[in-house]
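Asks: One structure follows; several queries about it will come next.
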There are 2 protein chains.
Amino acid sequence: MFSKRVDGVKASEIREILKLAARNDIISFAGGLPAPELFPVEKMKEVSRYVLDNMGEEALQYSPTEGYVPLRDFIAGRMAKTGYPTNRDEILIISGSQQGLDFAGKIFLNPGDTVLCESPTYLGAVNAFRAYEGNFREVDTDDEGMIPEDLEKALKETDNVKFIYVIPDFQNPSGRTWSLERRKALIELAGKYRIPVVEDNPYGELIFEGERQPSIKSLDTEGLVMFLGTFSKTFAPGLRIGWICASPEILSKCIMVKQSSDVQSSSISQREIAVFMEKYDFEEHVETIKKTYKKRRDLMMESIEKYFPEEAKWTYPSGGLFTWVVVPESIDTKELMERTLEETKVAYVPGASFFPNGGVHNTLRLNFSNMPEDKIVEGIRRLGDLLKKEIAL
Amino acid sequence: MFSKRVDGVKASEIREILKLAARNDIISFAGGLPAPELFPVEKMKEVSRYVLDNMGEEALQYSPTEGYVPLRDFIAGRMAKTGYPTNRDEILIISGSQQGLDFAGKIFLNPGDTVLCESPTYLGAVNAFRAYEGNFREVDTDDEGMIPEDLEKALKETDNVKFIYVIPDFQNPSGRTWSLERRKALIELAGKYRIPVVEDNPYGELIFEGERQPSIKSLDTEGLVMFLGTFSKTFAPGLRIGWICASPEILSKCIMVKQSSDVQSSSISQREIAVFMEKYDFEEHVETIKKTYKKRRDLMMESIEKYFPEEAKWTYPSGGLFTWVVVPESIDTKELMERTLEETKVAYVPGASFFPNGGVHNTLRLNFSNMPEDKIVEGIRRLGDLLKKEIAL
């Protein structure tokens with residue numbers, strides 16, 4: 001009765017863990033949720049009122065598929081922060097950047113085609129591309145990004161590579177950020193083999209120290225990069241507003257599939273965000289988020305340093321929401337999850353799901369944005385104790 | 001560079017016409033827009049305030065893929081109006097019913113599979129299914145619905161039929177409504193051949209006279225019907241909120257693809273609609289819309305009767321947004337469109353796009369919900385005059 005593609009998509013394991021982790025007595029490092037206490041609820045009241053007072057009918061009516069022009073203009077200008085100022089003709093408003101992943105699969109993949117991705121990579125992207133029957137070739141990845149030699153090997157030796165998928169800033173799940181050198185190597189290889197790049201950038205704004213690296217889009221002279229951005233981590237995910245920034249050639253395909261997928265994103269939410277940007281200082285708002293998350297990152301990293309067994313290794317994220325832990329191979333973090341929940345009331349995400357081709361069982365992802373400070377220290381302490389006990393077994 | 005599926009999807013012709021038709025000096029019968037002056041703007045202000053005051057953080061946060069429980073409960077109960085009261089386990093909230101069409105394509109169609117559809121049928125559905133490389137077999141259709149003999153012939157003789165797509169109430173584009181007898185014949189044949197039915201029902205609430213026919217879903221004893229509903233025509237399309245009502249077997253596949261397509265629909269809009277339903281009388285609101293649209297339908301039909309050439313034929317819709325006109329075969333309504341816009345400043349949608357396999361050029365669709373009364377009379381008069389001149393040529 002059903003299509004082959006839905007036979008290939010499994011219900012996300014993470015989703016089941018997240019359901020358990022949502023219990024009040026659990027200290028959860030499992031989700032990827034922004035801190036709700038930082039949502040601009042009061043300002044949203046003003047903005048929502050303003051939109052309904054001044055453009056109520058148009059905010060409730062159908063509106064163009066491409067998106068609300070003032071919002072597209074704002075986003076186009078603000079792409080300068082990634083080193084790529086542009087204009088609205090390269091911007092399509094979408095319903096969160098997950099929709100951009102869906103569209104990448106939809107416009108590029110025929111069944112059996114291959115996506116080159118980091119190892120590990122974002123599970124939500126894997127599921128989006130699997131829905132178009134894509135396969136994955138994981139490219140060797142270290143703290144600086146994909147290793148160019150292995151990327152070129154993959155480009156040369158793999159049949160039907162349709163695009164390269166990367167999250168260069170504060171990657172989900174690893175928390176790692178690509179060096180400039182690797183960004184340049186990537187865009188050079190993409191150009192040499194004429195292969196598009198899907199640059200997924202939900203976390204880039206949340207930088208805690210140092211200079212932001214230029215986006216891969218900003219290094220793109222041939223229109224090969226499809227950049228995905230979102231307001232989910234800097235404003236509010238509940239509104240479901242993100243964007244694609246791409247050359248007109250790629251964007252026109254995205255507009256076509258947007259039309260048949262859901263016609264347009266919310267008329268009212270697009271106007272609310274645009275009015276917010278006019279009335280309030282968005283940069284200041286982002287600074288507040290960064291300050292809170294940096295404090296939580298610091299606390300989590302200090303606690304890990306203090307409580308985790310010396311046999312474990314972890315990344316030190318300079319932004320974003322996540323750190324990534326590698327424990328000794330004797331530990332299967334998926335098997336350990338249930339017991340961790342029961343014995344310590346702490347939740348994490350086992351890392352296995354982030355390797356599309358499987359085979360790695362001793363990793364886990366920790367989120368630091370969504371728990372208050374005291375719970376971060378307590379949760380990491382409990383998790384550290386449990387890991388030490390496991391290793392001693 | 002691109003997938004086969006996007007080679008198959010063309011930018012909607014209607015969309016280009018709609019851009020022209022949006023000019024202020026045009027009397028447009030082309031769109032399918034609800035009347036914006038009936039949007040509950042003042043009540044939305046109250047509702048939006050209430051949601052942000054009482055559940056601001058959760059309204060801006062991520063929320064479950066399935067949808068907001070009180071809204072799912074409300075919809076499940078209200079499905080009783082179609083003869084099928086159910087519970088939330090059969091309801092998934094989606095971003096407008098166009099997303100339900102996309103999901104139908106996604107969960108049922110492999111490339112080259114066939115959809116059985118009415119003739120004519122809804123262009124937006126055709127584009128959604130084409131994006132999964134579906135083919136179409138148009139089933140002979142008259143004023144009562146699909147003709148069962150031809151439907152059975154199609155089921156018997158066509159390879160890889162994956163589902164039957166129908167809009168049984170006030171169809172887009174034809175304005176026609178299926179008789180009870182034909183509904184029963186359809187569900188019987190679907191059961192006999194074990195083929196799912198996608199019942200698209202955006203207009204069923206907008207009934208101007210007579211009794212509402214039971215939905216095909218309400219006649220479905222085997223869980224074969226995937227019913228699509230929406231608040232776009234009874235509340236506001238700008239919020240992008242609709243639903244799928246289906247058996248858990250079908251719905252679980254839809255939830256999986258919802259997750260990878262856009263994670264969830266707007267947390268805040270779902271809560272706003274749910275609160276609206278609690279605080280205000282939705283039935284009364286729907287009655288107001290019906291009253292206005294009935295008046296406009298009456299006026300359009302009287303004017304057509306008065307001003308259209310006797311060689312033309314048209315349907316008499318007892319609800320919804322559209323009527324459908326067949327003119328003599330000598331007239332190609334697509335060719336005539338540009339001249340009509342120029343000479344009469346009136347816009348309609350040429351009917352050719354509603355026949356997925358082409359071949360019919362002498363039809364047009366007229367919308368009566370979006371124009372004020374005086375423009376309806378004037379626009380139909382001008383269009384009638386032009387058609388008479390064309391026929392006289």
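We name chains A, B, ... following the order of the structure tokens; residues begin at 1 in each chain, and ligands are numbered from 1 as shown.
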Would you give me, as a Markdown table, each residue of chain A having an atom within 6 Å of an atom of chain B, along with its shortest atom pair and that distance in Å to one decimal, using only C-alpha atoms and sorting by chain and residue number?

Replies:
```
| residue | atom | partner | partner_atom | distance |
| --- | --- | --- | --- | --- |
| A:Phe2 | CA | B:Phe108 | CA | 4.6 |
| A:Ser3 | CA | B:Phe108 | CA | 4.6 |
| A:Val6 | CA | B:Ile107 | CA | 5.9 |
| A:Ala11 | CA | B:Met256 | CA | 5.9 |
| A:Pro36 | CA | B:Glu57 | CA | 5.6 |
| A:Val41 | CA | B:Gly56 | CA | 5.8 |
| A:Gly56 | CA | B:Val41 | CA | 5.8 |
| A:Glu57 | CA | B:Pro36 | CA | 5.5 |
| A:Leu60 | CA | B:Gly238 | CA | 4.1 |
| A:Gln61 | CA | B:Gly238 | CA | 4.6 |
| A:Tyr62 | CA | B:Gly238 | CA | 5.1 |
| A:Gln98 | CA | B:Asp262 | CA | 5.2 |
| A:Gln99 | CA | B:Asp262 | CA | 4.8 |
| A:Asp102 | CA | B:Ser261 | CA | 5.4 |
| A:Ile107 | CA | B:Ser3 | CA | 5.4 |
| A:Phe108 | CA | B:Phe2 | CA | 4.6 |
| A:Leu109 | CA | B:Ser3 | CA | 5.2 |
| A:Asn110 | CA | B:Ser3 | CA | 5.4 |
| A:Asn127 | CA | B:Ser260 | CA | 5.9 |
| A:Ala128 | CA | B:Ser260 | CA | 4.8 |
| A:Ala236 | CA | B:Leu60 | CA | 5.3 |
| A:Pro237 | CA | B:Gln61 | CA | 5.5 |
| A:Gly238 | CA | B:Leu60 | CA | 4.1 |
| A:Leu239 | CA | B:Ser266 | CA | 5.1 |
| A:Arg240 | CA | B:Ser266 | CA | 5.7 |
| A:Met256 | CA | B:Ala11 | CA | 5.9 |
| A:Ser260 | CA | B:Ala128 | CA | 4.8 |
| A:Ser261 | CA | B:Gln99 | CA | 5.4 |
| A:Asp262 | CA | B:Gln99 | CA | 4.8 |
| A:Ser266 | CA | B:Leu239 | CA | 5.2 |
| A:Ser267 | CA | B:Gly238 | CA | 4.7 |
```

Asks: Please provide the set of residues having any atom within 7 Å of Arg297 in chain A, restricted to only C-alpha atoms, with same-chain residues fewer than 4 positions apart removed, written as a PDB file with C-alpha atoms, in the first residue's frame.

Replies:
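Produced file result.pdb, reproduced below:
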```pdb
ATOM      1  CA  TYR A 293      24.121  29.833  26.675  1.00  0.00           C
ATOM      2  CA  MET A 301      32.359  21.933  30.326  1.00  0.00           C
ATOM      3  CA  PHE A 368      23.398  22.722  27.423  1.00  0.00           C
TER       4      PHE A 368
END
```

Asks: Asp150 in chain B: which residues within 10 Å, counting only C-alpha atoms, same-chain residues fewer than 4 positions away excluded, as a ChimeraX atom specification?

Replies: /B:138-141,146,154-156

Asks: Let me see the file: selected residues, all heavy atoms, as a tab-separated table (two decimals), in the first residue's frame.

Replies:
```tsv
chain	number	residue	atom	x	y	z
B	138	GLU	N	-7.66	10.06	-15.52
B	138	GLU	CA	-8.89	10.80	-15.22
B	138	GLU	C	-10.08	9.88	-15.40
B	138	GLU	O	-10.21	9.20	-16.40
B	138	GLU	CB	-9.01	12.01	-16.17
B	138	GLU	CG	-7.89	13.02	-15.98
B	138	GLU	CD	-7.89	14.12	-17.06
B	138	GLU	OE1	-8.99	14.61	-17.40
B	138	GLU	OE2	-6.81	14.46	-17.55
B	139	VAL	N	-10.93	9.86	-14.38
B	139	VAL	CA	-12.13	9.02	-14.42
B	139	VAL	C	-13.31	9.88	-14.90
B	139	VAL	O	-13.45	11.03	-14.47
B	139	VAL	CB	-12.42	8.43	-13.03
B	139	VAL	CG1	-13.72	7.63	-13.02
B	139	VAL	CG2	-11.25	7.55	-12.57
B	140	ASP	N	-14.13	9.32	-15.80
B	140	ASP	CA	-15.29	10.08	-16.29
B	140	ASP	C	-16.13	10.56	-15.11
B	140	ASP	O	-16.44	9.79	-14.20
B	140	ASP	CB	-16.17	9.21	-17.21
B	140	ASP	CG	-15.45	8.86	-18.50
B	140	ASP	OD1	-14.44	9.53	-18.81
B	140	ASP	OD2	-15.89	7.91	-19.18
B	141	THR	N	-16.50	11.82	-15.16
B	141	THR	CA	-17.17	12.45	-14.03
B	141	THR	C	-18.36	13.25	-14.56
B	141	THR	O	-18.25	13.91	-15.58
B	141	THR	CB	-16.18	13.42	-13.32
B	141	THR	OG1	-14.96	12.72	-13.04
B	141	THR	CG2	-16.75	13.98	-12.03
B	146	MET	N	-17.77	10.77	-9.80
B	146	MET	CA	-17.17	9.82	-10.73
B	146	MET	C	-18.20	8.79	-11.15
B	146	MET	O	-19.00	8.34	-10.33
B	146	MET	CB	-16.01	9.05	-10.06
B	146	MET	CG	-14.70	9.79	-10.00
B	146	MET	SD	-13.46	8.71	-9.20
B	146	MET	CE	-12.03	9.79	-9.23
B	154	ALA	N	-11.10	1.65	-14.67
B	154	ALA	CA	-9.77	2.21	-14.38
B	154	ALA	C	-9.04	1.36	-13.34
B	154	ALA	O	-7.84	1.08	-13.46
B	154	ALA	CB	-9.89	3.65	-13.89
B	155	LEU	N	-9.78	0.93	-12.31
B	155	LEU	CA	-9.16	0.10	-11.26
B	155	LEU	C	-8.69	-1.23	-11.82
B	155	LEU	O	-7.64	-1.76	-11.44
B	155	LEU	CB	-10.16	-0.13	-10.12
B	155	LEU	CG	-10.39	1.06	-9.19
B	155	LEU	CD1	-11.68	0.90	-8.38
B	155	LEU	CD2	-9.20	1.26	-8.25
B	156	LYS	N	-9.47	-1.76	-12.74
B	156	LYS	CA	-9.15	-3.07	-13.32
B	156	LYS	C	-8.00	-3.01	-14.30
B	156	LYS	O	-7.13	-3.87	-14.33
B	156	LYS	CB	-10.39	-3.58	-14.10
B	156	LYS	CG	-11.06	-4.78	-13.47
B	156	LYS	CD	-12.10	-5.33	-14.44
B	156	LYS	CE	-13.28	-5.87	-13.68
B	156	LYS	NZ	-14.50	-5.93	-14.50
```

Asks: Excluding Lys233 in chain B and residues on its chain fewer than 5 positions from it, collect all residues at most 9 Å away from it, counting only C-alpha atoms, and give them as an mmCIF file with all heavy atoms, in the first residue's frame.

Replies:
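Saved to around_37.cif:
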```
data_model
loop_
_atom_site.group_PDB
_atom_site.id
_atom_site.type_symbol
_atom_site.label_atom_id
_atom_site.label_comp_id
_atom_site.auth_asym_id
_atom_site.auth_seq_id
_atom_site.Cartn_x
_atom_site.Cartn_y
_atom_site.Cartn_z
ATOM 1 N N LEU B 33 -9.509 32.807 -3.145
ATOM 2 C CA LEU B 33 -9.307 33.459 -1.857
ATOM 3 C C LEU B 33 -10.609 33.630 -1.096
ATOM 4 O O LEU B 33 -11.628 34.007 -1.663
ATOM 5 C CB LEU B 33 -8.705 34.860 -2.044
ATOM 6 C CG LEU B 33 -7.384 34.996 -2.800
ATOM 7 C CD1 LEU B 33 -6.928 36.451 -2.773
ATOM 8 C CD2 LEU B 33 -6.322 34.112 -2.206
ATOM 9 N N PRO B 34 -10.572 33.389 0.224
ATOM 10 C CA PRO B 34 -11.722 33.754 1.056
ATOM 11 C C PRO B 34 -11.864 35.282 1.112
ATOM 12 O O PRO B 34 -10.921 36.010 0.775
ATOM 13 C CB PRO B 34 -11.378 33.199 2.438
ATOM 14 C CG PRO B 34 -10.024 32.615 2.368
ATOM 15 C CD PRO B 34 -9.483 32.779 0.990
ATOM 16 N N PRO B 202 -11.890 20.825 1.578
ATOM 17 C CA PRO B 202 -11.708 22.177 2.117
ATOM 18 C C PRO B 202 -12.984 23.014 2.146
ATOM 19 O O PRO B 202 -13.034 24.017 2.860
ATOM 20 C CB PRO B 202 -10.691 22.814 1.159
ATOM 21 C CG PRO B 202 -10.779 22.029 -0.102
ATOM 22 C CD PRO B 202 -11.301 20.664 0.239
ATOM 23 N N TYR B 203 -14.008 22.597 1.366
ATOM 24 C CA TYR B 203 -15.174 23.476 1.188
ATOM 25 C C TYR B 203 -16.460 22.957 1.810
ATOM 26 O O TYR B 203 -17.474 23.663 1.817
ATOM 27 C CB TYR B 203 -15.437 23.703 -0.320
ATOM 28 C CG TYR B 203 -14.196 23.988 -1.115
ATOM 29 C CD1 TYR B 203 -13.697 23.059 -2.029
ATOM 30 C CD2 TYR B 203 -13.506 25.187 -0.943
ATOM 31 C CE1 TYR B 203 -12.541 23.317 -2.755
ATOM 32 C CE2 TYR B 203 -12.348 25.447 -1.658
ATOM 33 C CZ TYR B 203 -11.873 24.504 -2.566
ATOM 34 O OH TYR B 203 -10.733 24.759 -3.263
ATOM 35 N N GLU B 205 -17.866 22.645 4.587
ATOM 36 C CA GLU B 205 -18.614 23.425 5.587
ATOM 37 C C GLU B 205 -19.448 24.520 4.949
ATOM 38 O O GLU B 205 -20.434 24.976 5.515
ATOM 39 C CB GLU B 205 -17.637 24.103 6.552
ATOM 40 C CG GLU B 205 -16.739 23.167 7.286
ATOM 41 C CD GLU B 205 -17.018 23.191 8.778
ATOM 42 O OE1 GLU B 205 -18.000 23.832 9.209
ATOM 43 O OE2 GLU B 205 -16.251 22.553 9.499
ATOM 44 N N LEU B 206 -19.020 24.966 3.782
ATOM 45 C CA LEU B 206 -19.649 26.143 3.169
ATOM 46 C C LEU B 206 -20.822 25.730 2.289
ATOM 47 O O LEU B 206 -20.826 25.926 1.074
ATOM 48 C CB LEU B 206 -18.609 26.927 2.363
ATOM 49 C CG LEU B 206 -17.373 27.366 3.166
ATOM 50 C CD1 LEU B 206 -16.351 28.054 2.269
ATOM 51 C CD2 LEU B 206 -17.768 28.278 4.332
ATOM 52 N N GLY B 320 -19.400 26.230 -1.379
ATOM 53 C CA GLY B 320 -18.019 26.403 -1.822
ATOM 54 C C GLY B 320 -17.712 27.760 -2.400
ATOM 55 O O GLY B 320 -18.318 28.771 -2.022
#
```

Asks: Per DSSP on the backbone, filter range 145-317 of chain A down to the residues in alpha helix (DSSP H) and report them as a PyMOL selection string.

Replies: chain A and resi 148-157+180-193+248-262+267-279+282-307

Asks: Output C-alpha atoms of each residue in that selection to a file, as a compact mmCIF listing (two decimals), in the first residue's frame.

Replies:
```txt
# COMPACT_ATOMS: atom_id res chain seq x y z
CA PRO A 148 39.61 17.20 1.98
CA GLU A 149 41.47 14.09 0.85
CA ASP A 150 38.61 11.84 1.87
CA LEU A 151 36.05 14.26 0.43
CA GLU A 152 37.81 14.18 -2.94
CA LYS A 153 38.06 10.41 -2.75
CA ALA A 154 34.32 10.26 -2.12
CA LEU A 155 33.60 12.65 -5.00
CA LYS A 156 35.77 10.61 -7.36
CA GLU A 157 34.73 7.13 -6.39
CA LEU A 180 38.49 28.59 7.11
CA GLU A 181 41.00 26.42 5.31
CA ARG A 182 38.60 23.49 5.21
CA ARG A 183 35.73 25.71 4.06
CA LYS A 184 37.88 26.85 1.15
CA ALA A 185 38.88 23.28 0.34
CA LEU A 186 35.22 22.24 0.34
CA ILE A 187 34.01 24.95 -2.03
CA GLU A 188 36.97 24.32 -4.32
CA LEU A 189 36.16 20.61 -4.57
CA ALA A 190 32.45 21.36 -5.00
CA GLY A 191 33.34 23.63 -7.93
CA LYS A 192 35.80 21.15 -9.43
CA TYR A 193 33.20 18.34 -9.44
CA PRO A 248 17.98 31.92 -8.62
CA GLU A 249 18.61 28.65 -10.47
CA ILE A 250 18.32 26.58 -7.27
CA LEU A 251 15.81 28.89 -5.59
CA SER A 252 13.30 28.70 -8.45
CA LYS A 253 13.15 24.92 -7.96
CA CYS A 254 12.64 25.44 -4.24
CA ILE A 255 9.80 27.90 -4.88
CA MET A 256 8.11 25.34 -7.12
CA VAL A 257 8.30 22.62 -4.50
CA LYS A 258 7.26 25.08 -1.75
CA GLN A 259 4.08 25.72 -3.73
CA SER A 260 3.16 22.06 -3.96
CA SER A 261 4.36 21.26 -0.41
CA ASP A 262 2.43 23.84 1.62
CA SER A 267 1.44 35.13 6.64
CA ILE A 268 1.01 36.36 10.19
CA SER A 269 4.22 34.93 11.67
CA GLN A 270 6.28 36.37 8.82
CA ARG A 271 4.80 39.81 9.48
CA GLU A 272 5.30 39.48 13.22
CA ILE A 273 8.99 38.73 12.82
CA ALA A 274 9.43 41.56 10.30
CA VAL A 275 7.73 44.04 12.65
CA PHE A 276 9.81 42.78 15.58
CA MET A 277 12.96 43.53 13.60
CA GLU A 278 11.75 47.08 12.98
CA LYS A 279 10.56 47.85 16.49
CA PHE A 282 17.31 41.96 17.48
CA GLU A 283 21.10 42.08 17.95
CA GLU A 284 20.61 42.83 21.62
CA HIS A 285 18.18 39.92 21.89
CA VAL A 286 20.70 37.56 20.31
CA GLU A 287 23.38 38.86 22.71
CA THR A 288 21.17 37.93 25.69
CA ILE A 289 20.76 34.40 24.37
CA LYS A 290 24.50 34.07 23.76
CA LYS A 291 25.31 35.27 27.27
CA THR A 292 23.02 32.70 28.89
CA TYR A 293 24.12 29.83 26.68
CA LYS A 294 27.81 30.70 27.16
CA LYS A 295 27.34 30.53 30.92
CA ARG A 296 25.68 27.13 30.56
CA ARG A 297 28.33 25.90 28.16
CA ASP A 298 31.06 27.01 30.64
CA LEU A 299 29.32 25.26 33.49
CA MET A 300 28.76 22.07 31.53
CA MET A 301 32.36 21.93 30.33
CA GLU A 302 33.74 22.62 33.82
CA SER A 303 31.51 19.93 35.26
CA ILE A 304 32.49 17.44 32.59
CA GLU A 305 36.15 18.20 33.30
CA LYS A 306 35.49 17.63 36.97
CA TYR A 307 33.17 14.63 37.02
```

Asks: Can you tell me which residues surround Phe170 in chain B at a distance of at most 10 Å, considering only C-alpha atoms, apart from same-chain residues fewer than 6 positions away, and format the answer as a VMD selection string?

Replies: chain B and resid 176 to 178 201 to 207 316 to 323

Asks: Could you turn the residues from that selection into a file that holds N, CA, C and O atoms, as a PDB file, in the first residue's frame?

Replies:
```pdb
ATOM      1  N   ARG B 176     -19.100  21.054  -8.293  1.00  0.00           N
ATOM      2  CA  ARG B 176     -20.063  19.961  -8.192  1.00  0.00           C
ATOM      3  C   ARG B 176     -19.922  19.171  -6.895  1.00  0.00           C
ATOM      4  O   ARG B 176     -18.847  19.117  -6.312  1.00  0.00           O
ATOM      5  N   THR B 177     -21.014  18.532  -6.489  1.00  0.00           N
ATOM      6  CA  THR B 177     -21.035  17.730  -5.257  1.00  0.00           C
ATOM      7  C   THR B 177     -21.514  16.316  -5.569  1.00  0.00           C
ATOM      8  O   THR B 177     -22.485  16.131  -6.295  1.00  0.00           O
ATOM      9  N   TRP B 178     -20.808  15.353  -5.013  1.00  0.00           N
ATOM     10  CA  TRP B 178     -21.162  13.946  -5.254  1.00  0.00           C
ATOM     11  C   TRP B 178     -22.482  13.573  -4.579  1.00  0.00           C
ATOM     12  O   TRP B 178     -22.739  13.969  -3.440  1.00  0.00           O
ATOM     13  N   ASN B 201     -11.312  17.837   1.461  1.00  0.00           N
ATOM     14  CA  ASN B 201     -12.580  18.494   1.783  1.00  0.00           C
ATOM     15  C   ASN B 201     -12.418  19.891   2.379  1.00  0.00           C
ATOM     16  O   ASN B 201     -12.776  20.157   3.527  1.00  0.00           O
ATOM     17  N   PRO B 202     -11.890  20.825   1.578  1.00  0.00           N
ATOM     18  CA  PRO B 202     -11.708  22.177   2.117  1.00  0.00           C
ATOM     19  C   PRO B 202     -12.984  23.014   2.146  1.00  0.00           C
ATOM     20  O   PRO B 202     -13.034  24.017   2.860  1.00  0.00           O
ATOM     21  N   TYR B 203     -14.008  22.597   1.366  1.00  0.00           N
ATOM     22  CA  TYR B 203     -15.174  23.476   1.188  1.00  0.00           C
ATOM     23  C   TYR B 203     -16.460  22.957   1.810  1.00  0.00           C
ATOM     24  O   TYR B 203     -17.474  23.663   1.817  1.00  0.00           O
ATOM     25  N   GLY B 204     -16.440  21.724   2.322  1.00  0.00           N
ATOM     26  CA  GLY B 204     -17.675  21.054   2.753  1.00  0.00           C
ATOM     27  C   GLY B 204     -18.518  21.847   3.739  1.00  0.00           C
ATOM     28  O   GLY B 204     -19.748  21.757   3.727  1.00  0.00           O
ATOM     29  N   GLU B 205     -17.866  22.645   4.587  1.00  0.00           N
ATOM     30  CA  GLU B 205     -18.614  23.425   5.587  1.00  0.00           C
ATOM     31  C   GLU B 205     -19.448  24.520   4.949  1.00  0.00           C
ATOM     32  O   GLU B 205     -20.434  24.976   5.515  1.00  0.00           O
ATOM     33  N   LEU B 206     -19.020  24.966   3.782  1.00  0.00           N
ATOM     34  CA  LEU B 206     -19.649  26.143   3.169  1.00  0.00           C
ATOM     35  C   LEU B 206     -20.822  25.730   2.289  1.00  0.00           C
ATOM     36  O   LEU B 206     -20.826  25.926   1.074  1.00  0.00           O
ATOM     37  N   ILE B 207     -21.841  25.169   2.929  1.00  0.00           N
ATOM     38  CA  ILE B 207     -23.007  24.665   2.208  1.00  0.00           C
ATOM     39  C   ILE B 207     -24.124  25.707   2.283  1.00  0.00           C
ATOM     40  O   ILE B 207     -24.425  26.218   3.357  1.00  0.00           O
ATOM     41  N   TYR B 316     -24.188  24.728 -11.208  1.00  0.00           N
ATOM     42  CA  TYR B 316     -24.825  25.546 -10.185  1.00  0.00           C
ATOM     43  C   TYR B 316     -24.366  25.015  -8.828  1.00  0.00           C
ATOM     44  O   TYR B 316     -24.911  24.034  -8.314  1.00  0.00           O
ATOM     45  N   PRO B 317     -23.316  25.642  -8.228  1.00  0.00           N
ATOM     46  CA  PRO B 317     -22.756  25.107  -6.978  1.00  0.00           C
ATOM     47  C   PRO B 317     -23.673  25.378  -5.793  1.00  0.00           C
ATOM     48  O   PRO B 317     -24.158  26.499  -5.632  1.00  0.00           O
ATOM     49  N   SER B 318     -23.914  24.383  -4.957  1.00  0.00           N
ATOM     50  CA  SER B 318     -24.740  24.609  -3.770  1.00  0.00           C
ATOM     51  C   SER B 318     -23.869  24.882  -2.538  1.00  0.00           C
ATOM     52  O   SER B 318     -24.321  24.776  -1.411  1.00  0.00           O
ATOM     53  N   GLY B 319     -22.630  25.274  -2.781  1.00  0.00           N
ATOM     54  CA  GLY B 319     -21.717  25.630  -1.694  1.00  0.00           C
ATOM     55  C   GLY B 319     -20.348  25.929  -2.258  1.00  0.00           C
ATOM     56  O   GLY B 319     -20.148  25.896  -3.484  1.00  0.00           O
ATOM     57  N   GLY B 320     -19.400  26.230  -1.379  1.00  0.00           N
ATOM     58  CA  GLY B 320     -18.019  26.403  -1.822  1.00  0.00           C
ATOM     59  C   GLY B 320     -17.712  27.760  -2.400  1.00  0.00           C
ATOM     60  O   GLY B 320     -18.318  28.771  -2.022  1.00  0.00           O
ATOM     61  N   LEU B 321     -16.776  27.777  -3.360  1.00  0.00           N
ATOM     62  CA  LEU B 321     -16.243  29.049  -3.870  1.00  0.00           C
ATOM     63  C   LEU B 321     -16.329  29.221  -5.371  1.00  0.00           C
ATOM     64  O   LEU B 321     -16.030  30.305  -5.875  1.00  0.00           O
ATOM     65  N   PHE B 322     -16.690  28.140  -6.113  1.00  0.00           N
ATOM     66  CA  PHE B 322     -16.478  28.181  -7.549  1.00  0.00           C
ATOM     67  C   PHE B 322     -17.690  27.757  -8.382  1.00  0.00           C
ATOM     68  O   PHE B 322     -18.460  26.897  -7.963  1.00  0.00           O
ATOM     69  N   THR B 323     -17.773  28.348  -9.563  1.00  0.00           N
ATOM     70  CA  THR B 323     -18.597  27.732 -10.613  1.00  0.00           C
ATOM     71  C   THR B 323     -17.698  27.498 -11.831  1.00  0.00           C
ATOM     72  O   THR B 323     -16.587  28.021 -11.929  1.00  0.00           O
TER      73      THR B 323
END
```

Asks: What's around Ile331 in chain A at 10 Å? Count only C-alpha atoms, leave out sequence neighbours fewer than 2 positions away in its own chain, and write the answer as a list of chain:residue names.

Replies: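 Surrounding residues, per the criterion: A:Val326, A:Val327, A:Pro328, A:Glu329, A:Thr333, A:Lys334, A:Glu335, A:Leu336, A:His361, A:Asn362, A:Thr363, A:Leu387, A:Glu390, A:Ile391.
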
Asks: Tell me which of B:Gly384, B:Pro85, B:Pro120, B:Gly67 sits closest to Pro350 in chain B, counting only C-alpha atoms.

Replies: B:Pro120

Asks: How would you write, as a list in words, the set of residues in range 131-215 of chain A that DSSP gives as strand (DSSP E or B)?

Replies: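 Across range 131-215 of chain A, those assigned strand (DSSP E or B) are Asn135, Phe136, Arg137, Glu138, Thr141, Asp142, Gly145, Met146, Val161, Lys162, Phe163, Ile164, Tyr165, Val166, Val197, Val198, Glu199, Asp200 and Ile207 of chain A.
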
Asks: Restricting the calculation to only C-alpha atoms: of B:Tyr280, B:Phe354, B:Phe231, B:Trp324, which residue gets closest to Ser174 in chain B?

Replies: B:Trp324

Asks: For the atom pair CA of Tyr68 in chain B and CA of Leu366 in chain A, what is the interatomic distance in Å to one decimal place?

Replies: 27.3 Å

Asks: Would you list the contacts of Val346 in chain B as a PyMOL selection string, taking every protein, DNA or RNA residue within 12 Å and counting only C-alpha atoms, but skipping same-chain residues closer than 3 positions in sequence?

Replies: chain B and resi 17-18+20-31+336-343+349+366-367+371+375-386

Asks: Between CA of Glu118 in chain B and CA of Ser330 in chain B, what is the spacing in Å?

Replies: 24.2 Å
